[in-house]
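*Asks:* My structure is stored as query_36.txt, with compact mmCIF, C-alpha atoms and all ligand atoms.
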```txt
# COMPACT_ATOMS: atom_id res chain seq x y z
CA MET A 74 0.00 0.00 0.00
CA VAL A 75 1.24 3.44 -0.88
CA ASP A 76 -0.93 5.88 0.99
CA GLY A 77 0.90 8.91 -0.39
CA ASP A 78 -0.41 10.95 2.44
CA SER A 79 1.13 10.04 5.75
CA GLU A 80 4.58 11.66 5.27
CA ALA A 81 5.82 8.54 7.10
CA ILE A 82 7.03 10.56 10.07
CA ALA A 83 6.00 14.03 11.18
CA PHE A 84 6.71 15.85 14.42
CA TYR A 85 4.14 17.81 16.39
CA GLY A 86 4.54 20.26 19.25
CA LEU A 87 8.33 20.56 19.16
CA THR A 88 9.70 22.58 22.06
CA TYR A 89 13.08 23.88 23.16
CA LYS A 90 13.69 24.83 26.78
CA ASP A 91 10.00 24.22 27.47
CA ARG A 92 8.89 26.75 24.86
CA LEU A 93 7.01 25.88 21.71
CA VAL A 94 9.03 26.12 18.49
CA LEU A 95 7.11 24.18 15.84
CA HIS A 96 3.50 23.07 15.70
CA LYS A 97 4.52 20.56 13.02
CA ALA A 98 7.61 19.63 10.98
CA SER A 99 7.55 17.24 8.04
CA LEU A 100 8.80 16.44 4.54
CA PRO A 101 5.75 16.27 2.29
CA MET A 102 7.21 16.35 -1.23
CA ILE A 103 10.16 15.37 -3.42
CA ARG A 104 10.31 16.28 -7.12
CA VAL A 105 12.97 14.93 -9.47
CA GLN A 106 14.02 16.29 -12.85
CA TYR A 107 16.28 14.38 -15.25
CA ASP A 108 18.46 15.76 -18.04
CA GLY A 109 17.43 12.79 -20.21
CA PRO A 110 14.15 11.22 -21.30
CA ALA A 111 12.80 10.22 -17.89
CA GLY A 112 10.36 11.80 -15.52
CA PRO A 113 9.90 14.30 -14.09
CA TYR A 114 8.66 12.61 -10.96
CA LYS A 115 6.93 13.66 -7.81
CA ASP A 116 7.24 11.36 -4.83
CA GLN A 117 6.11 11.44 -1.25
CA LEU A 118 7.38 9.53 1.70
CA SER A 119 4.70 7.40 3.28
CA THR A 120 4.14 4.39 5.49
CA GLY A 121 3.35 2.58 2.22
CA ASN A 122 6.90 2.89 0.84
CA MET A 123 8.65 2.75 4.20
CA GLN A 124 10.85 -0.32 4.63
CA GLY A 125 11.11 -1.63 8.15
CA PRO A 126 10.28 0.19 11.34
CA VAL A 127 11.10 3.79 12.23
CA LYS A 128 14.48 3.87 13.96
CA VAL A 129 15.14 5.91 17.08
CA TYR A 130 18.60 6.18 18.58
CA GLU A 131 20.72 8.58 20.56
CA GLY A 132 24.33 9.48 21.15
CA SER A 133 26.80 11.96 22.58
CA PRO A 134 29.67 12.73 20.16
CA ALA A 135 30.94 15.67 22.21
CA PRO A 136 30.68 16.68 25.85
CA THR A 137 28.73 19.79 24.82
CA PHE A 138 25.64 18.09 23.42
CA ARG A 139 23.64 14.93 22.98
CA PHE A 140 21.50 13.98 20.00
CA LEU A 141 18.35 12.02 19.31
CA VAL A 142 17.70 10.66 15.82
CA VAL A 143 14.37 9.58 14.37
CA GLU A 144 14.53 8.17 10.85
CA SER A 145 12.59 6.17 8.30
CA TYR A 146 13.93 4.31 5.27
CA HIS A 147 12.04 4.21 1.97
CA GLU A 148 12.22 2.63 -1.44
CA ILE A 149 10.44 4.35 -4.34
CA GLY A 150 11.21 2.81 -7.74
CA HIS A 151 15.01 2.53 -7.82
CA TYR A 152 15.44 5.18 -5.15
CA ARG A 153 16.59 4.42 -1.65
CA LEU A 154 15.81 7.25 0.73
CA THR A 155 16.55 7.86 4.38
CA ASN A 156 14.46 10.54 6.06
CA ARG A 157 16.57 11.46 9.08
CA TRP A 158 15.74 14.01 11.76
CA ILE A 159 18.47 14.86 14.26
CA PHE A 160 17.45 16.71 17.41
CA ARG A 161 20.33 18.03 19.50
CA SER A 162 20.20 18.96 23.16
CA ASP A 163 21.50 22.44 22.25
CA GLY A 164 18.32 23.03 20.27
CA ILE A 165 19.77 22.48 16.80
CA ILE A 166 17.47 20.51 14.48
CA LEU A 167 18.90 18.83 11.37
CA PRO A 168 16.32 17.41 8.96
CA GLN A 169 18.25 15.43 6.34
CA LEU A 170 17.21 13.48 3.28
CA TYR A 171 19.70 10.86 2.08
CA SER A 172 19.27 9.53 -1.44
CA ALA A 173 20.84 6.73 -3.46
CA GLY A 174 19.81 4.80 -6.55
CA LEU A 175 19.40 5.83 -10.17
CA GLN A 176 15.96 5.73 -11.75
CA ALA A 177 17.45 6.60 -15.17
CA PRO A 178 21.09 6.98 -16.31
CA TYR A 179 21.09 10.76 -16.56
CA ASN A 180 22.18 13.66 -14.39
CA HIS A 181 19.26 14.87 -12.31
CA ARG A 182 18.22 16.98 -9.38
CA HIS A 183 16.16 16.03 -6.34
CA HIS A 184 14.07 18.96 -5.10
CA VAL A 185 13.23 18.20 -1.51
CA TYR A 186 10.51 20.22 0.28
CA TRP A 187 10.32 20.48 4.05
CA ARG A 188 7.36 22.16 5.72
CA PHE A 189 8.08 23.95 9.00
CA ASP A 190 4.90 25.09 10.71
CA PHE A 191 6.49 27.43 13.22
CA ASP A 192 4.84 28.48 16.47
CA VAL A 193 7.74 30.34 18.11
CA VAL A 194 6.64 30.69 21.75
CA GLY A 195 3.09 30.38 20.40
CA ALA A 196 1.13 30.48 17.16
CA SER A 197 0.54 34.22 17.14
CA ASN A 198 2.80 37.18 16.43
CA ASN A 199 5.45 35.26 14.50
CA LEU A 200 7.55 36.89 11.79
CA ALA A 201 9.76 35.37 9.06
CA LEU A 202 12.87 37.16 7.82
CA GLU A 203 15.46 36.56 5.12
CA HIS A 204 19.06 37.65 5.58
CA LEU A 205 19.96 39.50 2.40
CA PRO A 206 23.62 40.32 1.55
CA VAL A 207 23.08 44.07 2.02
CA GLY A 208 23.73 46.55 4.80
CA THR A 209 20.15 47.89 4.93
CA ASP A 210 18.55 47.71 8.36
CA TRP A 211 14.77 47.23 8.25
CA GLY A 212 14.69 47.24 12.04
CA TRP A 213 15.90 43.71 12.72
CA GLY A 214 19.64 44.16 12.16
CA PRO A 215 21.61 44.77 8.96
CA GLY A 216 20.37 42.65 6.07
CA TRP A 217 17.43 41.06 7.89
CA PHE A 218 14.43 41.62 5.63
CA PRO A 219 11.04 41.01 7.29
CA TYR A 220 8.33 39.37 5.21
CA THR A 221 5.02 41.18 5.48
CA VAL A 222 3.08 39.25 2.82
CA GLU A 223 3.22 35.65 1.62
CA THR A 224 6.22 35.07 -0.64
CA LEU A 225 8.00 32.55 -2.85
CA ALA A 226 11.73 33.27 -2.53
CA ALA A 227 14.89 32.22 -4.38
CA HIS A 228 18.35 33.78 -4.43
CA SER A 229 21.76 32.64 -5.60
CA PRO A 230 23.69 31.99 -3.46
CA ARG A 231 20.82 31.09 -1.20
CA ASP A 232 20.17 32.90 2.06
CA THR A 233 19.55 32.14 5.69
CA TYR A 234 16.05 32.75 7.07
CA ALA A 235 14.72 33.27 10.56
CA VAL A 236 11.39 32.97 12.32
CA LEU A 237 10.92 34.87 15.57
CA ASN A 238 8.20 35.99 17.93
CA LYS A 239 7.68 39.75 17.59
CA SER A 240 6.25 40.25 21.05
CA ASN A 241 9.55 39.71 22.89
CA PRO A 242 7.80 37.71 25.60
CA PHE A 243 11.02 37.26 27.53
CA GLY A 244 12.43 40.75 27.03
CA HIS A 245 14.47 39.90 23.96
CA LEU A 246 14.00 38.35 20.54
CA GLN A 247 13.76 34.61 20.44
CA GLY A 248 13.42 32.26 17.52
CA TYR A 249 15.19 30.01 15.07
CA THR A 250 17.41 30.57 12.06
CA ILE A 251 17.07 28.25 9.07
CA ALA A 252 20.38 28.09 7.21
CA PRO A 253 21.32 26.18 4.05
CA GLY A 254 23.11 22.89 4.47
CA PRO A 255 26.25 22.40 2.34
CA PHE A 256 24.39 20.51 -0.42
CA ASP A 257 21.12 22.42 -0.55
CA GLY A 258 21.94 23.88 -3.97
CA THR A 259 20.23 26.73 -5.74
CA ALA A 260 16.84 27.04 -7.41
CA ASP A 261 16.41 26.42 -11.13
CA GLY A 262 13.60 26.62 -13.67
CA PHE A 263 12.08 23.37 -12.40
CA GLY A 264 12.56 23.74 -8.64
CA ARG A 265 11.93 27.43 -8.57
CA ILE A 266 12.02 28.30 -4.88
CA ASP A 267 14.43 28.15 -1.96
CA ALA A 268 11.76 29.01 0.55
CA ALA A 269 8.14 30.04 0.82
CA VAL A 270 6.48 31.94 3.64
CA THR A 271 2.75 31.48 4.06
CA GLN A 272 0.10 32.26 6.62
CA TYR A 273 -0.99 29.11 8.42
CA HIS A 274 -4.28 27.53 7.40
CA GLY A 275 -5.02 24.01 8.59
CA GLY A 276 -6.64 23.17 5.25
CA GLU A 277 -3.41 24.02 3.40
CA ASP A 278 -1.51 21.17 5.07
CA LEU A 279 -2.09 18.77 2.18
CA ARG A 280 0.74 16.42 3.18
CA GLY A 281 1.65 14.15 0.25
CA ARG A 282 -1.22 15.44 -1.85
CA LEU A 283 0.36 18.83 -2.55
CA GLY A 284 2.16 19.26 -5.85
CA THR A 285 2.62 17.38 -9.10
CA ALA A 286 5.66 16.28 -11.08
CA PHE A 287 5.50 19.55 -12.99
CA ASP A 288 4.50 22.01 -10.27
CA ASP A 289 5.10 22.13 -6.54
CA GLN A 290 1.81 24.08 -6.30
CA LEU A 291 3.15 26.25 -3.50
CA GLY A 292 2.03 29.20 -5.58
CA THR A 293 -1.56 28.22 -4.79
CA GLN A 294 -0.87 29.01 -1.12
CA VAL A 295 0.84 32.35 -1.76
CA ASN A 296 -1.99 34.78 -2.44
CA GLY A 297 -1.16 38.05 -0.75
CA GLU A 298 -2.09 37.28 2.83
CA SER A 299 -0.24 39.01 5.66
CA VAL A 300 2.54 37.10 7.40
CA ASP A 301 3.58 40.00 9.63
CA GLY A 302 2.85 39.00 13.20
CA GLN A 303 0.84 35.96 12.10
CA ASP A 304 0.99 32.20 12.45
CA VAL A 305 3.55 31.44 9.72
CA VAL A 306 4.66 28.37 7.80
CA LEU A 307 8.13 28.32 6.26
CA TRP A 308 8.81 25.91 3.41
CA TRP A 309 12.41 24.97 2.63
CA CYS A 310 13.41 23.46 -0.69
CA ALA A 311 16.82 21.87 -1.21
CA HIS A 312 18.06 21.21 -4.75
CA LEU A 313 20.28 18.14 -4.60
CA ASP A 314 22.48 17.44 -7.61
CA HIS A 315 23.03 13.81 -8.60
CA HIS A 316 25.42 12.97 -11.44
CA ALA A 317 24.79 9.72 -13.28
CA SER A 318 28.54 9.07 -13.42
CA GLU A 319 28.55 8.66 -9.63
CA GLY A 320 26.41 5.56 -10.04
CA GLY A 321 23.52 4.33 -7.99
CA ASP A 322 25.36 3.36 -4.84
CA GLU A 323 26.60 6.82 -3.96
CA TRP A 324 24.61 8.40 -1.12
CA HIS A 325 23.77 12.09 -1.26
CA VAL A 326 22.40 14.25 1.51
CA CYS A 327 20.67 17.59 1.78
CA GLY A 328 18.77 19.55 4.39
CA PRO A 329 18.86 22.81 6.33
CA ILE A 330 20.24 23.70 9.75
CA LEU A 331 17.71 24.99 12.27
CA GLN A 332 19.37 26.80 15.15
CA PRO A 333 17.84 28.61 18.13
CA PHE A 334 18.71 32.16 19.13
CA GLY A 335 17.77 34.23 22.15
CA TYR A 336 17.15 31.27 24.47
CA PRO A 337 18.53 31.59 27.99
CU CU B 401 19.47 10.86 -7.55
```
What do you get writing this file as structure tokens?

*Replies:*
Amino acid sequence: MVDGDSEAIAFYGLTYKDRLVLHKASLPMIRVQYDGPAGPYKDQLSTGNMQGPVKVYEGSPAPTFRFLVVESYHEIGHYRLTNRWIFRSDGIILPQLYSAGLQAPYNHRHHVYWRFDFDVVGASNNLALEHLPVGTDWGWGPGWFPYTVETLAAHSPRDTYAVLNKSNPFGHLQGYTIAPGPFDGTADGFGRIDAAVTQYHGGEDLRGRLGTAFDDQLGTQVNGESVDGQDVVLWWCAHLDHHASEGGDEWHVCGPILQPFGYP
């Protein structure tokens, strides 16, 4: 059974230092474009293509932090995929998608979409920002551009984002930065966005049903609504290059780095 809808694993009510960070975090969509006559494809991780049980393990590679990993392993066509989520005791969250296998013998790109339904401190009064390579100060520090309306964003090289709570409930700004991992790539004509910022609507969480092979359909959720001091959702899209000459047994990984700031 391929249910196409369960996302296999999703996390609800994530907190750091007893304060809410994310209402939900998941990986609803992967789109793949080949340079040869194959595809494009749109896949979703689900309990139907999951192989074996979800694995949970922990470790302590350094005296400064511990980590907890939750991961699922999937097979879709010739693809082997590991959906790994690393939660560190210092608040850092590393969602990572590992990919191996060649569906067709051509260079291709995996466009991997994570959905981060932020509730920093709470659902209300959140704000998303993008750190642009300029000295302009819009009131949040040099380069930090606050998003006031829903947006599809892409820049090369790609930027770091942040989501914070505007109300300074603890006397200072508190939130998370979302920074590109080393293999998150840049947008292209097929995977057109690095990030999207939308106002939360429960009905827009379509899980594996959002998007087609030809269109991620995120544009349908970006229709001019305010995201300034709202309940915001930040989408992150990594663009993972895979060269056919590397063969099918080479593992590739992508995914952003979520890091807290302003926590005591
Ligand atoms: Cu690949």

*Asks:* Ligand CU 401 (chain B): which residues are within 6 Å, counting only C-alpha atoms and all ligand atoms? Reply as a list in words.

*Replies:*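 Final answer, ordered by chain and number: Ala173, Leu175 and His315 of chain A.
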
*Asks:* Compare A:Val185, A:Asp257, A:Ala317, A:Asp232 by their minimum atom-to-atom distance to Lys115 of chain A, counting all atoms listed in the file, and give me the closest one.

*Replies:*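 When distances to Lys115 of chain A are compared using all atoms listed in the file, the smallest one comes from A:Val185.
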
*Asks:* Could you tell me how far atom CA of Glu80 of chain A lies from atom CA of Val236 of chain A, in Å and to one decimal?

*Replies:*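 Between atom CA of Glu80 of chain A and atom CA of Val236 of chain A the gap is 23.5 Å.
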
*Asks:* May I ask which of the residues A:Gly276, A:Gly86, A:Pro219, A:Pro329 is the closest one to Leu237 of chain A, counting only C-alpha atoms?

*Replies:* A:Pro219

*Asks:* Quick one, how far is atom CA of Glu203 of chain A from atom CA of Trp217 of chain A?

*Replies:* 5.6 Å

*Asks:* From the options A:His312, A:Arg188, A:Arg265, A:Arg280, which residue's atoms come nearest to His96 of chain A, counting all atoms listed in the file?

*Replies:*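 Closest candidate: A:Arg188.
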